[in-house]
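Data block for coords-v3.pdb (PDB, C-alpha atoms, pLDDT in the B column):
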ATOM      1  CA  MET A   1      47.078 -41.213  -3.581  1.00 71.00           C
ATOM      2  CA  LEU A   2      47.868 -38.224  -5.831  1.00 74.00           C
ATOM      3  CA  ALA A   3      44.340 -38.286  -7.298  1.00 79.00           C
ATOM      4  CA  ASP A   4      42.861 -38.247  -3.809  1.00 85.00           C
ATOM      5  CA  SER A   5      45.119 -35.342  -2.850  1.00 86.00           C
ATOM      6  CA  ALA A   6      44.063 -33.361  -5.961  1.00 87.00           C
ATOM      7  CA  ALA A   7      40.377 -34.047  -5.248  1.00 88.00           C
ATOM      8  CA  LYS A   8      40.766 -32.827  -1.650  1.00 90.00           C
ATOM      9  CA  ALA A   9      42.631 -29.701  -2.797  1.00 90.00           C
ATOM     10  CA  HIS A  10      39.915 -28.975  -5.363  1.00 90.00           C
ATOM     11  CA  ALA A  11      37.117 -29.481  -2.806  1.00 92.00           C
ATOM     12  CA  LEU A  12      38.905 -27.066  -0.447  1.00 92.00           C
ATOM     13  CA  SER A  13      39.288 -24.468  -3.226  1.00 92.00           C
ATOM     14  CA  LEU A  14      35.604 -24.811  -4.134  1.00 92.00           C
ATOM     15  CA  SER A  15      34.594 -24.310  -0.506  1.00 91.00           C
ATOM     16  CA  GLU A  16      36.454 -20.975  -0.686  1.00 91.00           C
ATOM     17  CA  GLY A  17      34.672 -19.979  -3.912  1.00 89.00           C
ATOM     18  CA  MET A  18      37.582 -20.737  -6.252  1.00 89.00           C
ATOM     19  CA  ALA A  19      38.796 -23.518  -8.522  1.00 87.00           C
ATOM     20  CA  HIS A  20      41.874 -25.704  -8.080  1.00 88.00           C
ATOM     21  CA  ARG A  21      44.759 -23.962  -9.832  1.00 93.00           C
ATOM     22  CA  PRO A  22      46.394 -26.018 -12.572  1.00 97.00           C
ATOM     23  CA  SER A  23      49.305 -27.961 -11.113  1.00 96.00           C
ATOM     24  CA  LEU A  24      52.170 -30.182 -12.167  1.00 97.00           C
ATOM     25  CA  THR A  25      53.882 -32.911 -10.181  1.00 95.00           C
ATOM     26  CA  ALA A  26      57.219 -34.009 -11.650  1.00 95.00           C
ATOM     27  CA  LEU A  27      58.348 -37.596 -11.076  1.00 94.00           C
ATOM     28  CA  ARG A  28      61.634 -39.325 -11.823  1.00 93.00           C
ATOM     29  CA  GLY A  29      62.217 -43.027 -11.285  1.00 92.00           C
ATOM     30  CA  GLY A  30      58.803 -43.370  -9.642  1.00 91.00           C
ATOM     31  CA  ARG A  31      59.568 -40.709  -7.003  1.00 92.00           C
ATOM     32  CA  ILE A  32      57.963 -37.289  -6.666  1.00 92.00           C
ATOM     33  CA  VAL A  33      60.691 -34.744  -7.289  1.00 93.00           C
ATOM     34  CA  ALA A  34      58.857 -31.401  -7.358  1.00 94.00           C
ATOM     35  CA  MET A  35      55.430 -29.795  -7.542  1.00 95.00           C
ATOM     36  CA  ALA A  36      54.149 -26.464  -8.860  1.00 97.00           C
ATOM     37  CA  HIS A  37      50.861 -24.564  -9.108  1.00 96.00           C
ATOM     38  CA  THR A  38      50.285 -21.807 -11.644  1.00 97.00           C
ATOM     39  CA  ARG A  39      50.885 -18.183 -10.880  1.00 96.00           C
ATOM     40  CA  PRO A  40      47.965 -15.731 -10.895  1.00 93.00           C
ATOM     41  CA  LEU A  41      46.736 -15.685 -14.495  1.00 95.00           C
ATOM     42  CA  TYR A  42      45.109 -13.103 -16.754  1.00 95.00           C
ATOM     43  CA  THR A  43      42.480 -14.332 -19.199  1.00 96.00           C
ATOM     44  CA  GLY A  44      43.670 -15.282 -22.677  1.00 96.00           C
ATOM     45  CA  GLU A  45      47.223 -15.745 -23.900  1.00 97.00           C
ATOM     46  CA  ASP A  46      48.698 -15.054 -20.459  1.00 97.00           C
ATOM     47  CA  ALA A  47      46.704 -17.959 -18.996  1.00 97.00           C
ATOM     48  CA  GLU A  48      47.806 -20.309 -21.781  1.00 97.00           C
ATOM     49  CA  ASN A  49      51.452 -19.345 -21.331  1.00 97.00           C
ATOM     50  CA  GLY A  50      51.215 -19.451 -17.536  1.00 97.00           C
ATOM     51  CA  ILE A  51      49.857 -22.984 -17.637  1.00 98.00           C
ATOM     52  CA  ALA A  52      52.351 -24.121 -20.287  1.00 96.00           C
ATOM     53  CA  ASP A  53      55.253 -22.736 -18.237  1.00 96.00           C
ATOM     54  CA  LEU A  54      54.577 -25.365 -15.560  1.00 97.00           C
ATOM     55  CA  SER A  55      56.621 -27.567 -17.902  1.00 96.00           C
ATOM     56  CA  LEU A  56      59.792 -25.646 -16.984  1.00 94.00           C
ATOM     57  CA  LEU A  57      59.903 -27.394 -13.621  1.00 95.00           C
ATOM     58  CA  ALA A  58      59.532 -30.850 -15.182  1.00 95.00           C
ATOM     59  CA  ALA A  59      62.302 -30.069 -17.668  1.00 93.00           C
ATOM     60  CA  ALA A  60      64.579 -28.682 -14.930  1.00 93.00           C
ATOM     61  CA  VAL A  61      64.301 -31.827 -12.787  1.00 92.00           C
ATOM     62  CA  ASN A  62      64.649 -34.118 -15.807  1.00 91.00           C
ATOM     63  CA  ALA A  63      61.265 -35.705 -15.051  1.00 93.00           C
ATOM     64  CA  ASP A  64      60.398 -38.972 -16.783  1.00 94.00           C
ATOM     65  CA  CYS A  65      56.723 -38.640 -15.831  1.00 96.00           C
ATOM     66  CA  VAL A  66      54.413 -35.735 -15.006  1.00 96.00           C
ATOM     67  CA  LEU A  67      51.069 -35.613 -13.293  1.00 96.00           C
ATOM     68  CA  LEU A  68      48.892 -32.639 -14.196  1.00 97.00           C
ATOM     69  CA  SER A  69      45.653 -31.573 -12.581  1.00 96.00           C
ATOM     70  CA  TRP A  70      43.204 -28.848 -13.602  1.00 96.00           C
ATOM     71  CA  GLU A  71      39.517 -27.960 -13.636  1.00 95.00           C
ATOM     72  CA  THR A  72      37.930 -28.023 -17.098  1.00 93.00           C
ATOM     73  CA  CYS A  73      35.654 -24.976 -16.903  1.00 92.00           C
ATOM     74  CA  ASP A  74      38.284 -22.881 -15.131  1.00 93.00           C
ATOM     75  CA  VAL A  75      40.968 -23.554 -17.762  1.00 95.00           C
ATOM     76  CA  ARG A  76      38.544 -23.078 -20.673  1.00 94.00           C
ATOM     77  CA  ILE A  77      37.366 -19.723 -19.314  1.00 93.00           C
ATOM     78  CA  ALA A  78      40.896 -18.553 -18.408  1.00 95.00           C
ATOM     79  CA  CYS A  79      42.241 -19.455 -21.862  1.00 96.00           C
ATOM     80  CA  ASP A  80      39.253 -18.061 -23.811  1.00 94.00           C
ATOM     81  CA  LEU A  81      38.420 -21.544 -25.092  1.00 93.00           C
ATOM     82  CA  PRO A  82      34.806 -22.402 -25.943  1.00 90.00           C
ATOM     83  CA  LEU A  83      32.761 -24.016 -23.187  1.00 86.00           C
ATOM     84  CA  ASP A  84      31.455 -26.781 -25.442  1.00 77.00           C
ATOM     85  CA  THR A  85      30.442 -28.739 -22.377  1.00 70.00           C
ATOM     86  CA  PRO A  86      29.020 -27.126 -19.259  1.00 65.00           C
ATOM     87  CA  ASP A  87      30.180 -29.991 -17.069  1.00 78.00           C
ATOM     88  CA  GLU A  88      32.407 -29.184 -14.151  1.00 91.00           C
ATOM     89  CA  CYS A  89      35.275 -31.632 -14.056  1.00 94.00           C
ATOM     90  CA  LEU A  90      38.549 -32.136 -12.196  1.00 95.00           C
ATOM     91  CA  ASN A  91      41.138 -33.648 -14.530  1.00 96.00           C
ATOM     92  CA  ILE A  92      44.188 -35.688 -13.688  1.00 96.00           C
ATOM     93  CA  LEU A  93      46.639 -36.624 -16.403  1.00 97.00           C
ATOM     94  CA  VAL A  94      49.652 -38.909 -16.044  1.00 96.00           C
ATOM     95  CA  ALA A  95      52.088 -38.522 -18.948  1.00 96.00           C
ATOM     96  CA  GLY A  96      55.387 -40.263 -19.610  1.00 95.00           C
ATOM     97  CA  GLU A  97      58.343 -39.144 -21.650  1.00 91.00           C
ATOM     98  CA  ASP A  98      57.368 -41.808 -24.226  1.00 92.00           C
ATOM     99  CA  GLY A  99      54.415 -39.605 -25.242  1.00 88.00           C
ATOM    100  CA  GLU A 100      51.784 -41.921 -23.772  1.00 92.00           C
ATOM    101  CA  TYR A 101      49.314 -40.579 -21.245  1.00 95.00           C
ATOM    102  CA  LEU A 102      46.331 -41.570 -19.151  1.00 95.00           C
ATOM    103  CA  HIS A 103      43.632 -38.930 -18.649  1.00 95.00           C
ATOM    104  CA  VAL A 104      41.120 -39.401 -15.841  1.00 94.00           C
ATOM    105  CA  GLU A 105      38.154 -37.034 -15.584  1.00 94.00           C
ATOM    106  CA  PHE A 106      36.300 -36.624 -12.285  1.00 94.00           C
ATOM    107  CA  PRO A 107      33.010 -34.861 -13.101  1.00 95.00           C
ATOM    108  CA  TYR A 108      31.052 -33.278 -10.301  1.00 95.00           C
ATOM    109  CA  THR A 109      28.049 -31.126  -9.577  1.00 94.00           C
ATOM    110  CA  SER A 110      28.712 -28.164  -7.315  1.00 92.00           C
ATOM    111  CA  HIS A 111      26.252 -27.325  -4.562  1.00 94.00           C
ATOM    112  CA  PRO A 112      26.323 -23.922  -2.858  1.00 93.00           C
ATOM    113  CA  LEU A 113      27.291 -23.793   0.795  1.00 92.00           C
ATOM    114  CA  SER A 114      24.903 -21.940   3.085  1.00 86.00           C
ATOM    115  CA  ALA A 115      27.350 -19.275   4.259  1.00 80.00           C
ATOM    116  CA  ARG A 116      29.622 -17.031   2.222  1.00 79.00           C
ATOM    117  CA  THR A 117      33.383 -17.375   2.652  1.00 79.00           C
ATOM    118  CA  HIS A 118      35.467 -14.844   4.621  1.00 81.00           C
ATOM    119  CA  THR A 119      36.196 -13.104   1.296  1.00 80.00           C
ATOM    120  CA  GLY A 120      32.506 -12.806   0.436  1.00 84.00           C
ATOM    121  CA  LEU A 121      32.663 -15.399  -2.343  1.00 88.00           C
ATOM    122  CA  GLN A 122      30.090 -18.154  -2.618  1.00 91.00           C
ATOM    123  CA  GLY A 123      31.585 -21.490  -1.588  1.00 91.00           C
ATOM    124  CA  PHE A 124      30.581 -24.819  -3.099  1.00 94.00           C
ATOM    125  CA  ARG A 125      30.678 -28.502  -2.212  1.00 94.00           C
ATOM    126  CA  PRO A 126      31.369 -30.985  -5.033  1.00 95.00           C
ATOM    127  CA  GLN A 127      29.146 -34.017  -5.480  1.00 95.00           C
ATOM    128  CA  TRP A 128      31.445 -36.384  -7.351  1.00 95.00           C
ATOM    129  CA  ARG A 129      30.009 -38.419 -10.216  1.00 95.00           C
ATOM    130  CA  THR A 130      31.410 -41.476 -11.991  1.00 95.00           C
ATOM    131  CA  PRO A 131      34.947 -40.840 -13.302  1.00 94.00           C
ATOM    132  CA  THR A 132      35.997 -41.727 -16.834  1.00 94.00           C
ATOM    133  CA  GLN A 133      39.431 -42.464 -18.206  1.00 95.00           C
ATOM    134  CA  SER A 134      40.993 -42.457 -21.639  1.00 95.00           C
ATOM    135  CA  ARG A 135      44.426 -42.902 -23.158  1.00 95.00           C
ATOM    136  CA  ASN A 136      46.000 -40.421 -25.536  1.00 92.00           C
ATOM    137  CA  SER A 137      42.714 -38.561 -26.125  1.00 91.00           C
ATOM    138  CA  PRO A 138      42.809 -34.948 -27.391  1.00 92.00           C
ATOM    139  CA  LEU A 139      43.776 -32.428 -24.707  1.00 94.00           C
ATOM    140  CA  LEU A 140      43.069 -28.749 -24.207  1.00 93.00           C
ATOM    141  CA  ARG A 141      45.754 -26.698 -25.993  1.00 94.00           C
ATOM    142  CA  PRO A 142      47.580 -25.401 -22.865  1.00 96.00           C
ATOM    143  CA  ILE A 143      47.595 -28.857 -21.265  1.00 96.00           C
ATOM    144  CA  HIS A 144      48.957 -30.380 -24.474  1.00 95.00           C
ATOM    145  CA  ARG A 145      51.733 -27.766 -24.427  1.00 95.00           C
ATOM    146  CA  VAL A 146      52.695 -28.684 -20.847  1.00 96.00           C
ATOM    147  CA  VAL A 147      52.945 -32.369 -21.758  1.00 95.00           C
ATOM    148  CA  GLU A 148      55.025 -31.715 -24.885  1.00 93.00           C
ATOM    149  CA  GLN A 149      57.326 -29.130 -23.324  1.00 93.00           C
ATOM    150  CA  SER A 150      57.930 -31.039 -20.070  1.00 94.00           C
ATOM    151  CA  PHE A 151      60.199 -33.433 -21.942  1.00 92.00           C
ATOM    152  CA  ALA A 152      61.196 -31.438 -25.042  1.00 88.00           C
ATOM    153  CA  GLN A 153      62.647 -28.444 -23.136  1.00 81.00           C
ATOM    154  CA  ARG A 154      65.205 -30.365 -21.081  1.00 80.00           C
ATOM    155  CA  GLU A 155      68.235 -29.206 -23.048  1.00 78.00           C
ATOM    156  CA  ALA A 156      67.043 -25.591 -23.141  1.00 77.00           C
ATOM    157  CA  VAL A 157      66.377 -25.469 -19.380  1.00 75.00           C
ATOM    158  CA  ALA A 158      69.386 -27.563 -18.277  1.00 66.00           C
ATOM    159  CA  PRO A 159      71.994 -24.751 -18.567  1.00 66.00           C
ATOM    160  CA  SER A 160      69.942 -22.625 -16.147  1.00 77.00           C
ATOM    161  CA  GLY A 161      69.605 -25.470 -13.671  1.00 82.00           C
ATOM    162  CA  LEU A 162      66.950 -26.403 -11.178  1.00 87.00           C
ATOM    163  CA  GLU A 163      67.701 -23.664  -8.659  1.00 89.00           C
ATOM    164  CA  ALA A 164      67.509 -20.884 -11.262  1.00 90.00           C
ATOM    165  CA  THR A 165      64.283 -22.331 -12.680  1.00 92.00           C
ATOM    166  CA  MET A 166      62.700 -22.445  -9.232  1.00 93.00           C
ATOM    167  CA  VAL A 167      63.801 -18.877  -8.460  1.00 94.00           C
ATOM    168  CA  TRP A 168      62.373 -17.626 -11.780  1.00 94.00           C
ATOM    169  CA  MET A 169      59.065 -19.470 -11.273  1.00 96.00           C
ATOM    170  CA  ARG A 170      58.654 -18.249  -7.691  1.00 97.00           C
ATOM    171  CA  ALA A 171      59.534 -14.683  -8.709  1.00 97.00           C
ATOM    172  CA  HIS A 172      56.714 -14.853 -11.248  1.00 97.00           C
ATOM    173  CA  GLY A 173      54.170 -16.094  -8.699  1.00 97.00           C
ATOM    174  CA  TYR A 174      54.243 -19.872  -9.138  1.00 98.00           C
ATOM    175  CA  THR A 175      54.047 -21.987  -6.009  1.00 97.00           C
ATOM    176  CA  VAL A 176      56.993 -24.391  -6.294  1.00 96.00           C
ATOM    177  CA  ASP A 177      58.020 -27.136  -3.869  1.00 95.00           C
ATOM    178  CA  LEU A 178      61.112 -29.310  -4.230  1.00 92.00           C
ATOM    179  CA  ILE A 179      60.361 -32.703  -2.708  1.00 89.00           C
ATOM    180  CA  ASP A 180      63.336 -34.952  -3.585  1.00 79.00           C
ATOM    181  CA  SER A 181      65.986 -33.981  -6.134  1.00 65.00           C
ATOM    182  CA  ARG A 182      68.398 -36.853  -5.460  1.00 65.00           C
ATOM    183  CA  PRO A 183      69.128 -39.116  -8.447  1.00 57.00           C
ATOM    184  CA  SER A 184      67.224 -42.397  -8.409  1.00 55.00           C
ATOM    185  CA  ALA A 185      69.024 -45.586  -7.342  1.00 54.00           C
ATOM    186  CA  ASP A 186      69.248 -46.786 -10.934  1.00 53.00           C
ATOM    187  CA  GLY A 187      71.353 -43.745 -11.839  1.00 48.00           C
ATOM    188  CA  GLY A 188      68.489 -41.953 -13.656  1.00 47.00           C
TER     189      GLY A 188
END

How would this structure read if it were set down as structure tokens?
Amino acid sequence: MLADSAAKAHALSLSEGMAHRPSLTALRGGRIVAMAHTRPLYTGEDAENGIADLSLLAAAVNADCVLLSWETCDVRIACDLPLDTPDECLNILVAGEDGEYLHVEFPYTSHPLSARTHTGLQGFRPQWRTPTQSRNSPLLRPIHRVVEQSFAQREAVAPSGLEATMVWMRAHGYTVDLIDSRPSADGG
């Protein structure tokens, strides 16, 4: 369900001439607790830090699992990373606090839409190709930072609390939604 939602969001962004912004969904006890999309990013170090700071939300809600989504070319260009592969690809990563993760790549070919968007940008339609999945494969540096920091920063973020973290993230341009912050039935 979350993969389908990310694919639809990415297709909508492409139709408007943009890429799906990197996002994080924080889960605890199998329930979605909160979601965030990156703030507007400048190329280079700002983009890397802006993506990595998605982890603050996961740490603030004491997530035991995170789901990340991003577009390969968009993140590589934003973070000044080499484009060693020209393939366009939507990525979805599910990572647990045990350090294990599943990475699913949804490659696609973009086809231009006939009319320009209301902003004058060229819109595209993705033609999805066969997805691939791997476990614990190497990740792009900013994505690796999100995974590590989502669980390692809990004690540093805890004194500020969830509300303060959300206020800080929103003030800096992140889109943040609290879905369900109640403790799970098992006390977690």

Considering all atoms listed in the file, return as a ChimeraX atom specification whatever protein or nucleic-acid residues lie within 9 Å of Glu105 (chain A), sequence-local ones (same chain, fewer than 5 positions apart) excluded.
/A:89-93,130-134

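When the distance limit is 7 Å and only C-alpha atoms are what count, the residues near region 50-61 of chain A, minus those fewer than 4 positions from it on the same chain, are Pro22, Leu24, Ala26, Ala36, Thr38, Arg39, Leu41, Asp46, Pro142, Ile143, Arg145, Val146, Gln149, Ser150, Phe151, Gln153, Arg154, Val157, Ala158, Gly161, Leu162 and Thr165 of chain A.
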
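Computed from the coordinates, the CA of Gln127 (chain A) to CA of Ala11 (chain A) distance equals 9.6 Å.
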
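Closest approach to Asp87 (chain A) among A:Ser110, A:Ser5, A:Ser23, A:Ser69 is made by A:Ser110 (distances from only C-alpha atoms).
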
Nearest residue to Ser137 (chain A) from the set A:Glu16, A:Trp168, A:His118, A:Glu100 (distances using all atoms listed in the file):
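Of A:Glu16, A:Trp168, A:His118, A:Glu100, the one nearest Ser137 (chain A) is A:Glu100, counting all atoms listed in the file.
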
Quick check on the file I pasted: which residues fall under the PyMOL selection byres ((chain A and resi 27) around 6)? Write them as number ranges by chain.
A: 26, 28, 30-33, 63, 65-66

Do you know which residues are at most 10 Å from Ser114 (chain A) counting only C-alpha atoms, after dropping those on the same chain fewer than 5 positions away, and could you put them as a PDB file with C-alpha atoms, in the frame of the given file?
ATOM      1  CA  GLN A 122      30.090 -18.154  -2.618  1.00 91.00           C
ATOM      2  CA  GLY A 123      31.585 -21.490  -1.588  1.00 91.00           C
ATOM      3  CA  PHE A 124      30.581 -24.819  -3.099  1.00 94.00           C
TER       4      PHE A 124
END

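With only C-alpha atoms as the basis for measurement, A:Gly29 is the residue among A:Leu140, A:Glu48, A:Gly29, A:Leu121 that approaches Gly96 (chain A) most closely.
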
Please report the interatomic distance between CA of Val75 (chain A) and CA of Ala47 (chain A) in Å with one decimal.
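According to the coordinates, CA of Val75 (chain A) and CA of Ala47 (chain A) are separated by 8.1 Å.
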
What gap, in Å, lies between CA of Arg141 (chain A) and CA of Val176 (chain A)?
22.8 Å

With the PyMOL selection byres ((chain A and resi 88) around 12) as the selection, what would be picked from this file? Answer as a PyMOL selection string, please.
chain A and resi 10+14+19-20+70-77+83-87+89-91+105-111+126-129+131

Considering only C-alpha atoms, state which residue in the set A:Met18, A:Leu113, A:Met169, A:Ala152 is at the smallest distance from His37 (chain A).
A:Met169

Taking every listed atom of region 21-35 of chain A and adding 6 Å to each side, what centre and edge lengths in Å (one decimal) does the axis-aligned box have, as lines of an AutoDock Vina configuration file?
center_x = 53.5
center_y = -33.7
center_z = -9.6
size_x = 29.5
size_y = 31.4
size_z = 17.9

Given only C-alpha atoms as the counted atoms, nearest of A:Gly99, A:Gly17, A:Gly173, A:Pro82 to Pro40 (chain A)
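When distances to Pro40 (chain A) are compared using only C-alpha atoms, the smallest one comes from A:Gly173.
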
Answer key for the PyMOL selection byres ((chain A and resi 43) around 6), residues as number ranges by chain
A: 42, 44, 47, 78-79

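Each of A:Leu12, A:Ala115, A:Val147, A:Ala7 was checked against Leu67 (chain A) using all atoms listed in the file; the smallest atom-to-atom distance is that of A:Val147.
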
Can we get region 27-37 of chain A of that structure written down with all heavy atoms, as a PDB file, in the first residue's frame?
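Contents of decode11.pdb, freshly written:
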ATOM      1  N   LEU A  27       7.222   4.407  11.526  1.00  0.00           N
ATOM      2  CA  LEU A  27       6.281   3.409  12.049  1.00  0.00           C
ATOM      3  C   LEU A  27       6.732   2.948  13.434  1.00  0.00           C
ATOM      4  O   LEU A  27       7.930   2.910  13.731  1.00  0.00           O
ATOM      5  CB  LEU A  27       6.210   2.199  11.112  1.00  0.00           C
ATOM      6  CG  LEU A  27       5.660   2.480   9.722  1.00  0.00           C
ATOM      7  CD1 LEU A  27       6.798   2.645   8.740  1.00  0.00           C
ATOM      8  CD2 LEU A  27       4.768   1.353   9.285  1.00  0.00           C
ATOM      9  N   ARG A  28       5.751   2.611  14.249  1.00  0.00           N
ATOM     10  CA  ARG A  28       6.040   2.053  15.577  1.00  0.00           C
ATOM     11  C   ARG A  28       4.987   0.986  15.837  1.00  0.00           C
ATOM     12  O   ARG A  28       3.792   1.234  15.722  1.00  0.00           O
ATOM     13  CB  ARG A  28       5.987   3.147  16.644  1.00  0.00           C
ATOM     14  CG  ARG A  28       6.405   2.653  18.023  1.00  0.00           C
ATOM     15  CD  ARG A  28       6.466   3.752  19.053  1.00  0.00           C
ATOM     16  NE  ARG A  28       5.169   4.406  19.163  1.00  0.00           N
ATOM     17  CZ  ARG A  28       4.998   5.731  19.180  1.00  0.00           C
ATOM     18  NH1 ARG A  28       6.022   6.548  19.100  1.00  0.00           N
ATOM     19  NH2 ARG A  28       3.790   6.241  19.295  1.00  0.00           N
ATOM     20  N   GLY A  29       5.434  -0.209  16.151  1.00  0.00           N
ATOM     21  CA  GLY A  29       4.507  -1.303  16.426  1.00  0.00           C
ATOM     22  C   GLY A  29       3.632  -1.637  15.232  1.00  0.00           C
ATOM     23  O   GLY A  29       2.486  -2.014  15.408  1.00  0.00           O
ATOM     24  N   GLY A  30       4.145  -1.440  14.028  1.00  0.00           N
ATOM     25  CA  GLY A  30       3.392  -1.755  12.817  1.00  0.00           C
ATOM     26  C   GLY A  30       2.408  -0.681  12.386  1.00  0.00           C
ATOM     27  O   GLY A  30       1.719  -0.844  11.389  1.00  0.00           O
ATOM     28  N   ARG A  31       2.340   0.435  13.126  1.00  0.00           N
ATOM     29  CA  ARG A  31       1.417   1.521  12.792  1.00  0.00           C
ATOM     30  C   ARG A  31       2.191   2.734  12.271  1.00  0.00           C
ATOM     31  O   ARG A  31       3.265   3.055  12.780  1.00  0.00           O
ATOM     32  CB  ARG A  31       0.618   1.947  14.013  1.00  0.00           C
ATOM     33  CG  ARG A  31      -0.385   0.916  14.471  1.00  0.00           C
ATOM     34  CD  ARG A  31      -1.391   1.496  15.461  1.00  0.00           C
ATOM     35  NE  ARG A  31      -0.925   2.619  16.242  1.00  0.00           N
ATOM     36  CZ  ARG A  31      -0.528   2.546  17.508  1.00  0.00           C
ATOM     37  NH1 ARG A  31      -0.511   1.398  18.141  1.00  0.00           N
ATOM     38  NH2 ARG A  31      -0.147   3.623  18.143  1.00  0.00           N
ATOM     39  N   ILE A  32       1.613   3.412  11.292  1.00  0.00           N
ATOM     40  CA  ILE A  32       2.207   4.656  10.809  1.00  0.00           C
ATOM     41  C   ILE A  32       1.983   5.724  11.862  1.00  0.00           C
ATOM     42  O   ILE A  32       0.855   5.972  12.286  1.00  0.00           O
ATOM     43  CB  ILE A  32       1.584   5.090   9.464  1.00  0.00           C
ATOM     44  CG1 ILE A  32       1.874   4.046   8.392  1.00  0.00           C
ATOM     45  CG2 ILE A  32       2.112   6.460   9.059  1.00  0.00           C
ATOM     46  CD1 ILE A  32       1.181   4.313   7.073  1.00  0.00           C
ATOM     47  N   VAL A  33       3.086   6.335  12.299  1.00  0.00           N
ATOM     48  CA  VAL A  33       3.008   7.361  13.329  1.00  0.00           C
ATOM     49  C   VAL A  33       3.080   8.759  12.716  1.00  0.00           C
ATOM     50  O   VAL A  33       2.301   9.640  13.063  1.00  0.00           O
ATOM     51  CB  VAL A  33       4.132   7.187  14.376  1.00  0.00           C
ATOM     52  CG1 VAL A  33       4.063   8.263  15.440  1.00  0.00           C
ATOM     53  CG2 VAL A  33       4.081   5.800  14.996  1.00  0.00           C
ATOM     54  N   ALA A  34       4.018   8.963  11.787  1.00  0.00           N
ATOM     55  CA  ALA A  34       4.201  10.297  11.207  1.00  0.00           C
ATOM     56  C   ALA A  34       4.878  10.185   9.846  1.00  0.00           C
ATOM     57  O   ALA A  34       5.519   9.172   9.544  1.00  0.00           O
ATOM     58  CB  ALA A  34       5.039  11.161  12.147  1.00  0.00           C
ATOM     59  N   MET A  35       4.715  11.250   9.057  1.00  0.00           N
ATOM     60  CA  MET A  35       5.323  11.301   7.730  1.00  0.00           C
ATOM     61  C   MET A  35       5.926  12.682   7.520  1.00  0.00           C
ATOM     62  O   MET A  35       5.413  13.669   8.060  1.00  0.00           O
ATOM     63  CB  MET A  35       4.273  11.051   6.652  1.00  0.00           C
ATOM     64  CG  MET A  35       3.579   9.714   6.773  1.00  0.00           C
ATOM     65  SD  MET A  35       2.182   9.558   5.645  1.00  0.00           S
ATOM     66  CE  MET A  35       3.036   9.402   4.096  1.00  0.00           C
ATOM     67  N   ALA A  36       6.998  12.732   6.714  1.00  0.00           N
ATOM     68  CA  ALA A  36       7.619  14.020   6.386  1.00  0.00           C
ATOM     69  C   ALA A  36       8.213  13.973   4.981  1.00  0.00           C
ATOM     70  O   ALA A  36       8.689  12.921   4.535  1.00  0.00           O
ATOM     71  CB  ALA A  36       8.713  14.358   7.398  1.00  0.00           C
ATOM     72  N   HIS A  37       8.167  15.119   4.305  1.00  0.00           N
ATOM     73  CA  HIS A  37       8.852  15.314   3.026  1.00  0.00           C
ATOM     74  C   HIS A  37       9.907  16.390   3.249  1.00  0.00           C
ATOM     75  O   HIS A  37       9.717  17.290   4.082  1.00  0.00           O
ATOM     76  CB  HIS A  37       7.882  15.797   1.943  1.00  0.00           C
ATOM     77  CG  HIS A  37       6.970  14.726   1.454  1.00  0.00           C
ATOM     78  ND1 HIS A  37       5.803  14.395   2.092  1.00  0.00           N
ATOM     79  CD2 HIS A  37       7.072  13.907   0.391  1.00  0.00           C
ATOM     80  CE1 HIS A  37       5.209  13.419   1.432  1.00  0.00           C
ATOM     81  NE2 HIS A  37       5.958  13.100   0.407  1.00  0.00           N
TER      82      HIS A  37
END
